[in-house]
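Following: one structure in structure tokens, then a few remarks.
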Amino acid sequence: MKLKPGQPYPLGATWDGLGVNFALFSERATRVELCLFDSPAAGKEFCRLTLPEQTDMVWHGYLPDIRPGQLYGYRVYGPYDPEAGDRFNPAKVLFDPYARAVGREMKWSREMFPYSLGDPKEDLVMDSSDNASVAPLSVVVDPAFTWGDDRRPKTPWHNTIIYELHVKGFTQLNPYIPRQIRGTYRGLAHEKSLDYLKNLGITAVELMPVHHHVDEMSLIEKGLSNYWGYNTLAYFAPEMRYGTPYEFKSMVEAFHRAGIEVILDVVYNHTAEGNHLGPSLSLKGIDNSSYYWLSTKNPRYYMDFTGCGNTLNMKHPRVLQLIMDSLRFWITEMHVDGFRFDLASALARELHGVNRLGAFFDIIHQDPVISQVKLIAEPWDLAKGGYQTGNFPPGWTEWNDKYRDAVRRFWKGDGGVVSEFATRVCGSSDLYAQSGRRPYASINYLTCHDGFTLHDLVSYNARHNEANRDGANDGSDRNESWNCGAEGPTDDPAVRELREKQKRNFLATLLFSQGVPMICGGDEISRTQHGNNNAYCQDNEITWMDWSLTPEQKDLMRYARRVISLRKHYLALHRRKFFQGQNLRGLDVKDVSFFDPSGAEMTDEAWETSFVRCLGIRLGAEHVPGEGESNGAGSRTATDPLILLLNAHYEMIHFVMPDARPDQQWRLLTDTADPEHHGRFLRPNVKYELQARSMALFSLEKVRE
């Protein structure tokens, strides 16, 4: 075989129907070899070819007659000098960072490390053992796929309801899905999966990482794995354990036919190669000092803003290109509808601080492709100055942990939180309005993959992470949870009843708040992790959704469907703009007002009093021409004013219903103390018995003749 010069663009392995062009960026390499393998079981490559050309620091060559399915990797030559930031080691076969698919998973062994394990000098001594038999391999793919009439749902942000799920966890135990496709993209695309999500009322799924990842050696040695997948190896390749790129595309197409968007949780802040004592899998051996953020005091060590050993070097243009090329690939080639950026503050760091006007944001904002999809930030990282909730620029939404904590504290019964609770329920204007953003900049959530599930939030006061085999010291000890009187499972009927009511309180609050609600997959059926609040390494029944539902679980699922349908039906629950506290459409009624149980508006003293644990909120809808807007289900949303009554106190409270015109009355839409009881009418100024630790929603309607 003989390589022709080829082209420096595009990066990666590109099949043109006659052969394959290979292109790899490395600024400091002195030589690059293309290694071809004939099968995943091969102990070594059958051919090594030196890439003949280098253009603008991209090594490239064209190989005629190579076809899709060809396995390959690279050996990259250069200095091995960790103290200068260089870790080249041609004894190690490296994974192509632009590979579109994974041809072979890696196997942990001593050969995967570029230095001699056990040597007193650690990573300063290069290891010359060959890793060709255990290295992860890239594979050439044929990108052709017939999409048919695939149309993105393009659900407006204010109408979006997100469901965070794990591909395997959602499908692995689902008895309605054929056993052979459970835990895969095909299983998630099965009609039973789609029907469930549609019936629930979901408009978008947020998939936990589906970029191919590596299980850490430390977890493998404990008999565990990185189930969550936040340990990326391949930014262009779907996780091969769930299926092929073709099957991923088919899954996206199926979701779009169902009217559901697909959002990916992506990890561009660090890679699976760890710190200076980590393995050499790809970027570390290709050009360590270009791809990673190294210490200026000693380039042997990595700057770690992520807690995972390394941080990608966002100051380097080729690293920015890698991320932007990856994002565009998933949009244009895989048809996804948006991204949630893990530890997004790390991507905005220039020098050491977080710069909201950094190159990462500039490039995304001007990109005609990336700027048009849904962009969600996890607005923090783990280093100094990394907490940036409310500080991301227009065009971005953010996971709002302030919402999570305020709502948890309110329903736990904490005093002195009612003012912040009201602010969060009304869209967190204090965080987003000044930058010109709308309520939907706030991704409201009460639980997510990281932390307690909803069931565990009301069942445990403390974490129970013994199964992680880390001394039960991992995970957060700040949960703002309350076990309702017993730690863990109990047969006490009073405790069980209270827990079910608290779950309804949380779900109703989430769906009746301004902003974008995100439901953690399985919360609607009381999924439990048995008190584990850091189940990242549990690929088993601890994290998989159990579909053998008890009557209580079925009741909660029905209630979740109801509050989602109420949110969709009433425009006042998903406004596009913040409340202004002004008169509504010329009427002597504000678009939002707050009142105490007597029916009087909340006073400054009441807002600040520590014992206040109850609140009434009157919500008005925005004026929409044509009396409402399409809710995506063939009908139009209602513009009726609403009131929320909330009581986090341990005793029942009488609420005086707000005043209204003589021809109007209040209709009960839901009460978490009695979820089957709705439709009752109340006249203005009468008292409503709001039970302990419950909430109710009413609409203002004309008196029926």
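By order in the structure tokens, chains are A, B, ...; within a chain, residues start at 1; ligands start at 1, following the order shown.
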Q: Would you kindly return, as a ChimeraX atom specification, each protein, DNA or RNA residue with an atom no farther than 10 Å from any atom of A:Ala99, considering only C-alpha atoms and excluding same-chain residues fewer than 2 positions away?
A: /A:11-14,72-73,95-97,101-103,137-141,234-237
Selection file, C-alpha atoms, as an mmCIF file, in the first residue's frame:
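File produced: result.cif:
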data_model
loop_
_atom_site.group_PDB
_atom_site.id
_atom_site.type_symbol
_atom_site.label_atom_id
_atom_site.label_comp_id
_atom_site.auth_asym_id
_atom_site.auth_seq_id
_atom_site.Cartn_x
_atom_site.Cartn_y
_atom_site.Cartn_z
ATOM 1 C CA LEU A 11 -9.829 16.094 9.825
ATOM 2 C CA GLY A 12 -10.393 12.434 10.551
ATOM 3 C CA ALA A 13 -10.903 9.560 8.101
ATOM 4 C CA THR A 14 -13.077 10.539 5.141
ATOM 5 C CA TYR A 72 -7.052 2.020 12.218
ATOM 6 C CA GLY A 73 -5.077 4.020 14.752
ATOM 7 C CA PHE A 95 -7.403 6.747 18.833
ATOM 8 C CA ASP A 96 -8.344 9.293 16.149
ATOM 9 C CA PRO A 97 -10.096 12.236 17.917
ATOM 10 C CA ALA A 101 -17.176 5.222 15.181
ATOM 11 C CA VAL A 102 -15.278 2.946 17.544
ATOM 12 C CA GLY A 103 -14.032 -0.308 16.043
ATOM 13 C CA LEU A 137 -9.325 1.406 17.549
ATOM 14 C CA SER A 138 -11.040 3.812 15.196
ATOM 15 C CA VAL A 139 -13.014 2.604 12.187
ATOM 16 C CA VAL A 140 -13.734 4.165 8.803
ATOM 17 C CA VAL A 141 -17.462 4.730 8.301
ATOM 18 C CA ALA A 234 -14.630 9.993 21.218
ATOM 19 C CA TYR A 235 -16.379 13.294 20.462
ATOM 20 C CA PHE A 236 -17.767 12.123 17.109
ATOM 21 C CA ALA A 237 -18.603 8.482 17.827
#
Q | Long-range neighbours of stretch 387-396 of chain A as JSON, numbers by chain, 10 Å cut-off, only C-alpha atoms, 3 positions minimum in chain | A | {"A": [343, 344, 345, 348, 354, 355, 356, 357, 361, 364, 365, 371, 372, 373, 374, 375, 376, 377, 378, 379, 380, 381, 382, 383, 384, 399, 400, 401, 402, 428, 429, 430, 431, 432, 433, 434, 435, 436, 437, 438, 440, 441, 442]}
Any chance you could export the current selection's C-alpha atoms as a PDB file, in the first residue's frame?
ATOM      1  CA  LEU A 343     -19.375  21.880  33.712  1.00  0.00           C
ATOM      2  CA  ALA A 344     -19.807  24.620  31.124  1.00  0.00           C
ATOM      3  CA  SER A 345     -17.841  27.198  33.120  1.00  0.00           C
ATOM      4  CA  ALA A 348     -15.428  29.696  29.270  1.00  0.00           C
ATOM      5  CA  VAL A 354     -14.413  32.461  33.658  1.00  0.00           C
ATOM      6  CA  ASN A 355     -14.923  34.893  30.804  1.00  0.00           C
ATOM      7  CA  ARG A 356     -18.528  35.115  29.622  1.00  0.00           C
ATOM      8  CA  LEU A 357     -17.263  36.910  26.507  1.00  0.00           C
ATOM      9  CA  PHE A 361     -19.201  31.835  23.303  1.00  0.00           C
ATOM     10  CA  ILE A 364     -21.062  29.596  19.026  1.00  0.00           C
ATOM     11  CA  HIS A 365     -22.992  32.869  18.728  1.00  0.00           C
ATOM     12  CA  SER A 371     -26.485  29.000  17.422  1.00  0.00           C
ATOM     13  CA  GLN A 372     -29.859  27.741  16.173  1.00  0.00           C
ATOM     14  CA  VAL A 373     -30.231  24.723  18.473  1.00  0.00           C
ATOM     15  CA  LYS A 374     -31.043  24.489  22.169  1.00  0.00           C
ATOM     16  CA  LEU A 375     -28.022  25.343  24.341  1.00  0.00           C
ATOM     17  CA  ILE A 376     -28.077  24.436  28.042  1.00  0.00           C
ATOM     18  CA  ALA A 377     -25.241  25.174  30.455  1.00  0.00           C
ATOM     19  CA  GLU A 378     -24.402  23.476  33.687  1.00  0.00           C
ATOM     20  CA  PRO A 379     -23.207  26.888  34.903  1.00  0.00           C
ATOM     21  CA  TRP A 380     -20.337  25.896  37.157  1.00  0.00           C
ATOM     22  CA  ASP A 381     -17.124  23.912  37.394  1.00  0.00           C
ATOM     23  CA  LEU A 382     -15.163  22.804  40.441  1.00  0.00           C
ATOM     24  CA  ALA A 383     -12.480  25.492  40.599  1.00  0.00           C
ATOM     25  CA  LYS A 384     -12.367  28.976  42.098  1.00  0.00           C
ATOM     26  CA  TRP A 399     -29.588  24.503  35.016  1.00  0.00           C
ATOM     27  CA  ASN A 400     -30.930  26.565  37.913  1.00  0.00           C
ATOM     28  CA  ASP A 401     -29.663  25.049  41.154  1.00  0.00           C
ATOM     29  CA  LYS A 402     -31.009  28.046  43.083  1.00  0.00           C
ATOM     30  CA  SER A 428     -35.918  33.814  38.582  1.00  0.00           C
ATOM     31  CA  SER A 429     -35.996  37.270  37.034  1.00  0.00           C
ATOM     32  CA  ASP A 430     -33.230  38.317  39.428  1.00  0.00           C
ATOM     33  CA  LEU A 431     -30.870  35.965  37.583  1.00  0.00           C
ATOM     34  CA  TYR A 432     -31.908  36.389  33.960  1.00  0.00           C
ATOM     35  CA  ALA A 433     -33.903  39.560  33.282  1.00  0.00           C
ATOM     36  CA  GLN A 434     -31.025  42.039  33.412  1.00  0.00           C
ATOM     37  CA  SER A 435     -29.191  40.295  30.575  1.00  0.00           C
ATOM     38  CA  GLY A 436     -32.291  40.441  28.384  1.00  0.00           C
ATOM     39  CA  ARG A 437     -33.131  36.781  28.752  1.00  0.00           C
ATOM     40  CA  ARG A 438     -36.595  35.335  29.261  1.00  0.00           C
ATOM     41  CA  TYR A 440     -37.066  30.004  29.798  1.00  0.00           C
ATOM     42  CA  ALA A 441     -33.400  30.784  30.468  1.00  0.00           C
ATOM     43  CA  SER A 442     -34.057  28.914  33.710  1.00  0.00           C
TER      44      SER A 442
END
Q | Distance query A:Ile363 at most 12 Å, only C-alpha atoms, self and fewer than 4 positions along chain excluded, as an NGL selection string | A | :A and (314 or 317 or 320-321 or 323-325 or 327-328 or 348 or 357-359 or 367-371)
Residue subset to file, keeping N, CA and C atoms, as a CSV table (one decimal), in the first residue's frame:
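selection-v8.csv written:
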chain,number,residue,atom,x,y,z
A,314,MET,N,-9.0,25.4,26.0
A,314,MET,CA,-9.9,26.2,25.2
A,314,MET,C,-9.2,27.4,24.6
A,317,PRO,N,-6.7,27.3,19.2
A,317,PRO,CA,-7.7,27.3,18.2
A,317,PRO,C,-8.1,26.0,17.7
A,320,LEU,N,-10.6,24.5,20.1
A,320,LEU,CA,-11.9,25.1,19.8
A,320,LEU,C,-12.5,24.5,18.5
A,321,GLN,N,-11.7,24.3,17.5
A,321,GLN,CA,-12.2,23.7,16.3
A,321,GLN,C,-12.7,22.3,16.5
A,323,ILE,N,-14.1,21.0,19.2
A,323,ILE,CA,-15.4,21.1,19.8
A,323,ILE,C,-16.5,21.6,18.9
A,324,MET,N,-16.2,22.6,18.1
A,324,MET,CA,-17.2,23.2,17.2
A,324,MET,C,-17.5,22.2,16.1
A,325,ASP,N,-16.4,21.5,15.6
A,325,ASP,CA,-16.7,20.5,14.5
A,325,ASP,C,-17.5,19.4,15.1
A,327,LEU,N,-19.8,19.6,17.6
A,327,LEU,CA,-21.2,20.1,17.7
A,327,LEU,C,-21.9,20.1,16.4
A,328,ARG,N,-21.2,20.7,15.4
A,328,ARG,CA,-21.8,20.7,14.0
A,328,ARG,C,-22.1,19.4,13.5
A,348,ALA,N,-15.5,28.2,29.4
A,348,ALA,CA,-15.4,29.7,29.3
A,348,ALA,C,-14.2,30.3,29.9
A,357,LEU,N,-17.4,36.4,27.9
A,357,LEU,CA,-17.3,36.9,26.5
A,357,LEU,C,-16.1,36.2,25.8
A,358,GLY,N,-15.8,35.0,26.3
A,358,GLY,CA,-14.7,34.2,25.8
A,358,GLY,C,-14.9,33.7,24.4
A,359,ALA,N,-13.8,33.2,23.8
A,359,ALA,CA,-13.9,32.7,22.4
A,359,ALA,C,-14.9,31.6,22.2
A,367,ASP,N,-21.9,31.2,14.8
A,367,ASP,CA,-22.0,30.0,14.0
A,367,ASP,C,-23.5,29.8,13.5
A,368,PRO,N,-23.7,29.8,12.2
A,368,PRO,CA,-25.1,29.7,11.8
A,368,PRO,C,-25.8,28.4,12.0
A,369,VAL,N,-25.1,27.4,12.4
A,369,VAL,CA,-25.7,26.1,12.7
A,369,VAL,C,-25.9,25.9,14.2
A,370,ILE,N,-24.8,26.0,15.0
A,370,ILE,CA,-24.8,25.7,16.4
A,370,ILE,C,-25.7,26.7,17.2
A,371,SER,N,-25.7,28.0,16.7
A,371,SER,CA,-26.5,29.0,17.4
A,371,SER,C,-28.0,28.8,17.3
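Between atom CA of A:Arg561 and atom CA of A:Leu669 there is a distance of 13.4 Å.
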Q) Smallest atom-to-atom distance to A:His190: which of A:Thr306, A:Asn174, A:Arg683, A:His449, using only C-alpha atoms? A) A:Asn174
